[in-house]
file work_6.tsv (TSV, C-alpha atoms)
chain	number	residue	atom	x	y	z
A	1	MET	CA	-39.08	103.48	-74.18
A	2	PRO	CA	-36.67	100.51	-74.36
A	3	THR	CA	-37.98	97.16	-73.16
A	4	VAL	CA	-36.03	95.01	-70.75
A	5	PRO	CA	-35.41	91.49	-72.11
A	6	THR	CA	-36.71	88.74	-69.92
A	7	VAL	CA	-34.70	85.66	-69.03
A	8	ASP	CA	-35.73	82.30	-67.66
A	9	ARG	CA	-34.03	80.40	-64.85
A	10	ARG	CA	-31.59	78.62	-67.14
A	11	GLU	CA	-30.53	81.87	-68.80
A	12	LEU	CA	-30.17	83.51	-65.40
A	13	ARG	CA	-27.84	80.71	-64.31
A	14	ARG	CA	-25.82	81.12	-67.49
A	15	LEU	CA	-25.49	84.86	-66.97
A	16	ILE	CA	-24.30	84.31	-63.41
A	17	GLU	CA	-21.85	81.54	-64.22
A	18	GLU	CA	-20.43	82.82	-67.51
A	19	ARG	CA	-20.71	86.60	-67.16
A	20	ASP	CA	-20.70	87.10	-63.39
A	21	ALA	CA	-24.11	88.79	-63.57
A	22	GLN	CA	-25.29	90.90	-60.66
A	23	VAL	CA	-28.64	89.69	-59.35
A	24	VAL	CA	-30.81	92.47	-57.97
A	25	ASP	CA	-33.84	91.89	-55.73
A	26	VAL	CA	-36.27	94.82	-56.06
A	27	LEU	CA	-38.65	93.64	-53.33
A	28	PRO	CA	-39.08	95.61	-50.08
A	29	PRO	CA	-36.20	95.16	-47.59
A	30	ALA	CA	-38.23	92.98	-45.19
A	31	GLU	CA	-39.07	90.55	-47.97
A	32	PHE	CA	-35.47	90.50	-49.12
A	33	SER	CA	-34.35	89.72	-45.56
A	34	ALA	CA	-36.79	86.83	-45.35
A	35	LEU	CA	-35.98	85.20	-48.66
A	36	HIS	CA	-33.84	85.95	-51.68
A	37	LEU	CA	-31.75	84.34	-54.37
A	38	PRO	CA	-28.22	83.46	-53.23
A	39	GLY	CA	-25.83	86.31	-53.94
A	40	ALA	CA	-28.58	88.81	-54.71
A	41	VAL	CA	-28.31	92.42	-53.63
A	42	SER	CA	-31.27	94.43	-52.38
A	43	LEU	CA	-32.28	97.50	-54.34
A	44	PRO	CA	-35.96	98.01	-53.44
A	45	LEU	CA	-38.00	99.33	-56.36
A	46	LYS	CA	-39.44	102.15	-54.27
A	47	SER	CA	-36.03	103.50	-53.36
A	48	LEU	CA	-34.37	103.13	-56.75
A	49	ASP	CA	-32.49	106.29	-57.64
A	50	PRO	CA	-29.23	107.19	-59.42
A	51	ASP	CA	-27.26	106.82	-56.18
A	52	SER	CA	-28.46	103.28	-55.44
A	53	VAL	CA	-27.99	102.16	-59.05
A	54	ALA	CA	-24.47	103.62	-59.00
A	55	GLU	CA	-23.49	100.83	-56.59
A	56	LEU	CA	-23.80	98.34	-59.44
A	57	ASP	CA	-20.86	97.42	-61.65
A	58	ARG	CA	-21.57	98.84	-65.10
A	59	ASP	CA	-19.33	96.26	-66.75
A	60	ARG	CA	-21.36	93.26	-65.62
A	61	PRO	CA	-24.89	92.26	-66.63
A	62	VAL	CA	-27.65	93.13	-64.18
A	63	VAL	CA	-30.63	90.81	-63.69
A	64	VAL	CA	-33.55	92.12	-61.66
A	65	TYR	CA	-36.29	90.01	-60.13
A	66	CYS	CA	-39.26	90.32	-57.79
A	67	SER	CA	-41.65	87.78	-56.30
A	68	GLY	CA	-42.82	86.40	-59.62
A	69	HIS	CA	-46.49	87.00	-58.76
A	70	THR	CA	-48.05	88.22	-61.97
B	1	MET	CA	-30.25	94.82	-67.83
B	2	TYR	CA	-32.40	91.71	-67.82
B	3	ASP	CA	-35.64	90.81	-66.07
B	4	TYR	CA	-35.93	87.38	-64.45
B	5	ALA	CA	-39.70	87.45	-64.76
B	6	GLY	CA	-40.28	84.15	-62.99
B	7	GLY	CA	-38.75	85.68	-59.90
B	8	LEU	CA	-38.51	84.19	-56.47
B	9	GLU	CA	-41.36	81.74	-56.94
B	10	ASP	CA	-40.03	80.24	-60.16
B	11	TRP	CA	-36.67	79.78	-58.45
B	12	ALA	CA	-38.24	78.18	-55.40
B	13	ASN	CA	-40.60	76.01	-57.43
B	14	ALA	CA	-37.59	74.51	-59.17
B	15	GLY	CA	-36.14	73.52	-55.80
B	16	GLU	CA	-33.18	75.88	-56.15
B	17	GLU	CA	-31.43	77.07	-53.03
B	18	LEU	CA	-32.61	80.23	-51.33
B	19	ALA	CA	-30.94	82.58	-48.89
B	20	GLY	CA	-32.39	84.73	-46.14
B	21	GLU	CA	-33.96	84.23	-42.74
B	22	HIS	CA	-36.61	81.88	-44.16
B	23	GLY	CA	-34.31	80.34	-46.71
B	24	GLY	CA	-31.15	78.78	-45.46
B	25	GLY	CA	-31.07	76.20	-48.21
B	26	ARG	CA	-33.81	74.70	-50.30
B	27	PRO	CA	-37.38	76.00	-50.03
B	28	LEU	CA	-38.94	74.56	-46.92
B	29	LEU	CA	-42.05	73.17	-48.47
B	30	THR	CA	-40.46	71.58	-51.52
B	31	GLY	CA	-38.81	68.85	-49.47
B	32	LEU	CA	-41.82	68.21	-47.28
B	33	VAL	CA	-44.67	67.75	-49.68
B	34	ARG	CA	-46.06	64.34	-50.53
B	35	ASP	CA	-47.58	63.08	-53.75
B	36	VAL	CA	-51.28	62.31	-53.75
B	37	PRO	CA	-53.32	60.54	-56.44
B	38	THR	CA	-54.52	62.78	-59.27
B	39	LEU	CA	-57.16	62.40	-61.96
B	40	SER	CA	-58.44	64.50	-64.82
B	41	LEU	CA	-61.95	65.90	-64.81
B	42	ASP	CA	-63.13	63.38	-67.42
B	43	ALA	CA	-62.42	60.47	-65.07
B	44	THR	CA	-65.26	58.45	-63.59
B	45	VAL	CA	-66.11	57.50	-60.03
B	46	ALA	CA	-64.75	54.03	-60.83
B	47	ASP	CA	-61.44	55.64	-61.83
B	48	ALA	CA	-61.46	57.55	-58.55
B	49	ARG	CA	-62.07	54.38	-56.55
B	50	SER	CA	-59.19	52.71	-58.34
B	51	ALA	CA	-56.79	55.66	-57.97
B	52	MET	CA	-57.62	56.50	-54.36
B	53	GLY	CA	-55.80	53.56	-52.75
B	54	ASP	CA	-55.21	54.30	-49.07
B	55	ALA	CA	-55.31	58.09	-49.56
B	56	ALA	CA	-57.89	60.24	-47.78
B	57	PHE	CA	-58.45	62.28	-50.92
B	58	LEU	CA	-57.29	62.74	-54.48
B	59	LEU	CA	-56.88	65.88	-56.54
B	60	VAL	CA	-58.48	66.59	-59.88
B	61	VAL	CA	-56.14	68.50	-62.18
B	62	ASP	CA	-56.20	69.81	-65.73
B	63	ASP	CA	-53.64	69.14	-68.47
B	64	ASP	CA	-51.29	71.74	-66.94
B	65	ARG	CA	-51.68	70.12	-63.50
B	66	VAL	CA	-53.64	73.13	-62.29
B	67	VAL	CA	-55.69	71.95	-59.32
B	68	LEU	CA	-59.44	72.03	-60.00
B	69	GLY	CA	-60.55	70.46	-56.75
B	70	LYS	CA	-60.41	67.44	-54.49
B	71	VAL	CA	-62.44	64.26	-54.08
B	72	LEU	CA	-62.64	62.75	-50.62
B	73	ALA	CA	-62.28	59.00	-50.13
B	74	ARG	CA	-65.31	58.98	-47.87
B	75	SER	CA	-67.46	60.58	-50.56
B	76	LEU	CA	-66.89	57.45	-52.69
B	77	GLU	CA	-68.52	55.37	-49.98
B	78	GLN	CA	-71.85	57.20	-50.11
B	79	ASP	CA	-74.88	55.21	-51.15
B	80	GLY	CA	-76.14	55.73	-54.65
B	81	ILE	CA	-72.85	56.82	-56.23
B	82	GLU	CA	-72.70	55.17	-59.64
B	83	ASP	CA	-69.35	53.91	-60.91
B	84	ASP	CA	-69.80	55.49	-64.33
B	85	ALA	CA	-70.68	58.93	-62.96
B	86	GLY	CA	-68.17	61.70	-63.65
B	87	VAL	CA	-65.72	62.43	-60.88
B	88	GLY	CA	-66.84	66.04	-61.14
B	89	THR	CA	-70.05	65.11	-59.31
B	90	LEU	CA	-68.00	64.57	-56.14
B	91	LEU	CA	-65.59	67.44	-56.67
B	92	ILE	CA	-64.96	69.93	-53.90
B	93	GLU	CA	-63.78	72.94	-55.85
B	94	GLY	CA	-61.10	75.44	-54.94
B	95	PRO	CA	-59.06	73.83	-52.18
B	96	THR	CA	-56.77	76.17	-50.27
B	97	THR	CA	-53.36	76.35	-51.87
B	98	VAL	CA	-50.03	77.77	-50.74
B	99	ARG	CA	-46.73	78.45	-52.49
B	100	PRO	CA	-43.51	76.59	-51.69
B	101	THR	CA	-41.91	79.81	-50.47
B	102	GLU	CA	-44.22	79.99	-47.44
B	103	HIS	CA	-42.59	80.49	-44.06
B	104	LEU	CA	-43.20	77.08	-42.51
B	105	PRO	CA	-43.79	77.99	-38.83
B	106	GLY	CA	-46.34	80.63	-39.82
B	107	LEU	CA	-48.07	78.25	-42.20
B	108	LEU	CA	-48.17	75.49	-39.58
B	109	GLU	CA	-49.80	77.88	-37.12
B	110	ARG	CA	-52.48	78.75	-39.67
B	111	MET	CA	-53.07	75.07	-40.48
B	112	GLN	CA	-53.43	74.21	-36.81
B	113	GLN	CA	-55.81	77.12	-36.22
B	114	ALA	CA	-57.91	75.99	-39.17
B	115	ARG	CA	-57.70	72.37	-37.94
B	116	THR	CA	-56.80	71.24	-41.41
B	117	ALA	CA	-54.83	68.05	-41.94
B	118	SER	CA	-53.22	69.17	-45.18
B	119	VAL	CA	-52.81	71.95	-47.68
B	120	VAL	CA	-52.14	71.83	-51.41
B	121	VAL	CA	-48.84	73.32	-52.56
B	122	THR	CA	-48.82	74.82	-56.04
B	123	SER	CA	-46.54	76.90	-58.23
B	124	ASN	CA	-47.43	80.51	-58.92
B	125	GLN	CA	-49.00	79.29	-62.17
B	126	GLY	CA	-51.26	77.03	-60.11
B	127	GLY	CA	-49.49	73.79	-61.06
B	128	LEU	CA	-49.59	71.06	-58.45
B	129	ILE	CA	-46.33	70.48	-56.57
B	130	GLY	CA	-47.71	68.24	-53.83
B	131	VAL	CA	-49.56	68.21	-50.55
B	132	LEU	CA	-48.17	69.35	-47.23
B	133	PHE	CA	-49.57	67.44	-44.25
B	134	THR	CA	-49.83	69.15	-40.89
B	135	GLU	CA	-48.01	66.28	-39.17
B	136	ASP	CA	-45.03	66.64	-41.54
B	137	ALA	CA	-44.96	70.41	-41.08
B	138	ALA	CA	-45.14	70.05	-37.29
B	139	ARG	CA	-42.31	67.52	-37.29
B	140	ALA	CA	-40.12	69.75	-39.48
B	141	VAL	CA	-40.75	72.81	-37.31
B	142	ALA	CA	-40.04	70.82	-34.13
B	143	ASP	CA	-36.81	69.45	-35.63
B	144	THR	CA	-35.71	72.95	-36.59
B	145	GLU	CA	-36.50	74.32	-33.14
B	146	HIS	CA	-34.69	71.40	-31.51
B	147	ALA	CA	-31.62	71.98	-33.70
B	148	SER	CA	-31.66	75.72	-32.90
B	149	SER	CA	-31.91	75.18	-29.13
B	150	HIS	CA	-29.24	72.48	-29.30
B	151	HIS	CA	-26.83	74.80	-31.12
B	152	GLY	CA	-27.78	77.64	-28.83
B	153	GLY	CA	-26.88	75.50	-25.84
B	154	HIS	CA	-23.46	74.89	-27.24
B	155	ARG	CA	-22.93	78.59	-27.81
B	156	ARG	CA	-23.86	79.40	-24.24
B	157	ALA	CA	-21.64	76.66	-22.75
call {"tool": "encode", "arguments": {"input": "work_6.tsv", "output": "structure tokens"}}
result
Amino acid sequence: MPTVPTVDRRELRRLIEERDAQVVDVLPPAEFSALHLPGAVSLPLKSLDPDSVAELDRDRPVVVYCSGHT
Amino acid sequence: MYDYAGGLEDWANAGEELAGEHGGGRPLLTGLVRDVPTLSLDATVADARSAMGDAAFLLVVDDDRVVLGKVLARSLEQDGIEDDAGVGTLLIEGPTTVRPTEHLPGLLERMQQARTASVVVTSNQGGLIGVLFTEDAARAVADTEHASSHHGGHRRA
């Protein structure tokens, strides 16, 4: 199973600024409504399916994030 | 695809702007917290007396600024406390901590219910960011409510 590379805040900024990355918040909708990164779109982890992922632009990088609680 | 593993808390801890109903700019707590004196666990009571200044308490932190506990100013005034004793003898372990992404009005309500004068704000790794005082939180919430009602008034006029 392929692993997803992790990025730090600086790399995230670079991906947004240089490659117009799409930032995806996978938290539940209520949490997204309360607080999210500027420009992020909401694709809650529990409702991820081919249809929801199809909304993303395949030609641009996608960066997912959650709360950061580990 | 990439994973921004630090997530929302890493972003907020860095003071970056946030969006959403509780965002609307920089994280609420980041701009409100105050610095308090800190010491390492190998400090002495004499060090604590010297560092305390006018503060009501100081925090004892490790090398990564993870909060180990607090020492109250009034505990330094007890009889029989030797200057060369370790600060750990006066340590109150495990103070309540919150993250800078907390919703301020809800946090203020909890602080007032608990009748606490302050709460320690840390990153999700436990690193000290600062201390939020109830009076500062109350003032910020009141200012926000005042601004909202003021703007609301204009909309209704």
call {"tool": "interface_residues", "arguments": {"input": "work_6.tsv", "of": "chain A", "to": "chain B", "cutoff": "9 Å", "atoms": "only C-alpha atoms", "output": "number ranges by chain"}}
result
A: 4-9, 11-12, 25, 32-40, 61-70
call {"tool": "atom_distance", "arguments": {"input": "work_6.tsv", "atom1": "atom CA of A:Thr3", "atom2": "atom CA of B:Gly127"}}
result
28.7 Å
call {"tool": "residues_around", "arguments": {"input": "work_6.tsv", "residues": "stretch 49-62 of chain B", "least_positions_apart": "6", "cutoff": "8 Å", "atoms": "only C-alpha atoms", "output": "list in words"}}
result
Val36, Pro37, Thr38, Leu39, Ser40, Leu41, Leu68, Gly69, Lys70, Val71, Leu72, Ala73, Arg74, Leu76, Leu91 and Leu128 of chain B
call {"tool": "closest_residue", "arguments": {"input": "work_6.tsv", "among": "B:Glu109, B:Asp136, B:Asp35, B:Asp47", "to": "B:Gly88", "atoms": "all atoms listed in the file"}}
result
B:Asp47
call {"tool": "atom_distance", "arguments": {"input": "work_6.tsv", "atom1": "atom CA of B:Gln113", "atom2": "atom CA of B:Arg65"}}
result
28.5 Å
call {"tool": "atom_distance", "arguments": {"input": "work_6.tsv", "atom1": "atom CA of A:Glu31", "atom2": "atom CA of A:Glu18"}}
result
28.1 Å
call {"tool": "axis_aligned_box", "arguments": {"input": "work_6.tsv", "around": "stretch 52-55 of chain A", "padding_each_side": "5 Å", "output": "JSON"}}
result
{"center_x": -26.0, "center_y": 102.2, "center_z": -57.2, "size_x": 15.0, "size_y": 12.8, "size_z": 13.6}
call {"tool": "residues_around", "arguments": {"input": "work_6.tsv", "residues": "A:Lys46", "least_positions_apart": "5", "cutoff": "10 Å", "atoms": "only C-alpha atoms", "output": "PDB file with C-alpha atoms, in the coordinates of the input"}}
result
ATOM      1  CA  VAL A  26     -36.270  94.820 -56.060  1.00  0.00           C
ATOM      2  CA  LEU A  27     -38.650  93.640 -53.330  1.00  0.00           C
ATOM      3  CA  PRO A  28     -39.080  95.610 -50.080  1.00  0.00           C
TER       4      PRO A  28
END
call {"tool": "residues_around", "arguments": {"input": "work_6.tsv", "residues": "B:Glu135", "least_positions_apart": "3", "cutoff": "9 Å", "atoms": "all atoms listed in the file", "output": "PyMOL selection string"}}
result
chain B and resi 117-118+132+138-140
call {"tool": "closest_residue", "arguments": {"input": "work_6.tsv", "among": "B:Ala137, B:Gly130, B:Asp143, B:Gln78", "to": "B:Arg34", "atoms": "only C-alpha atoms"}}
result
B:Gly130
call {"tool": "residues_around", "arguments": {"input": "work_6.tsv", "residues": "A:Asp20", "least_positions_apart": "2", "cutoff": "10 Å", "atoms": "only C-alpha atoms", "output": "PyMOL selection string"}}
result
chain A and resi 13-18+22-23+59-62
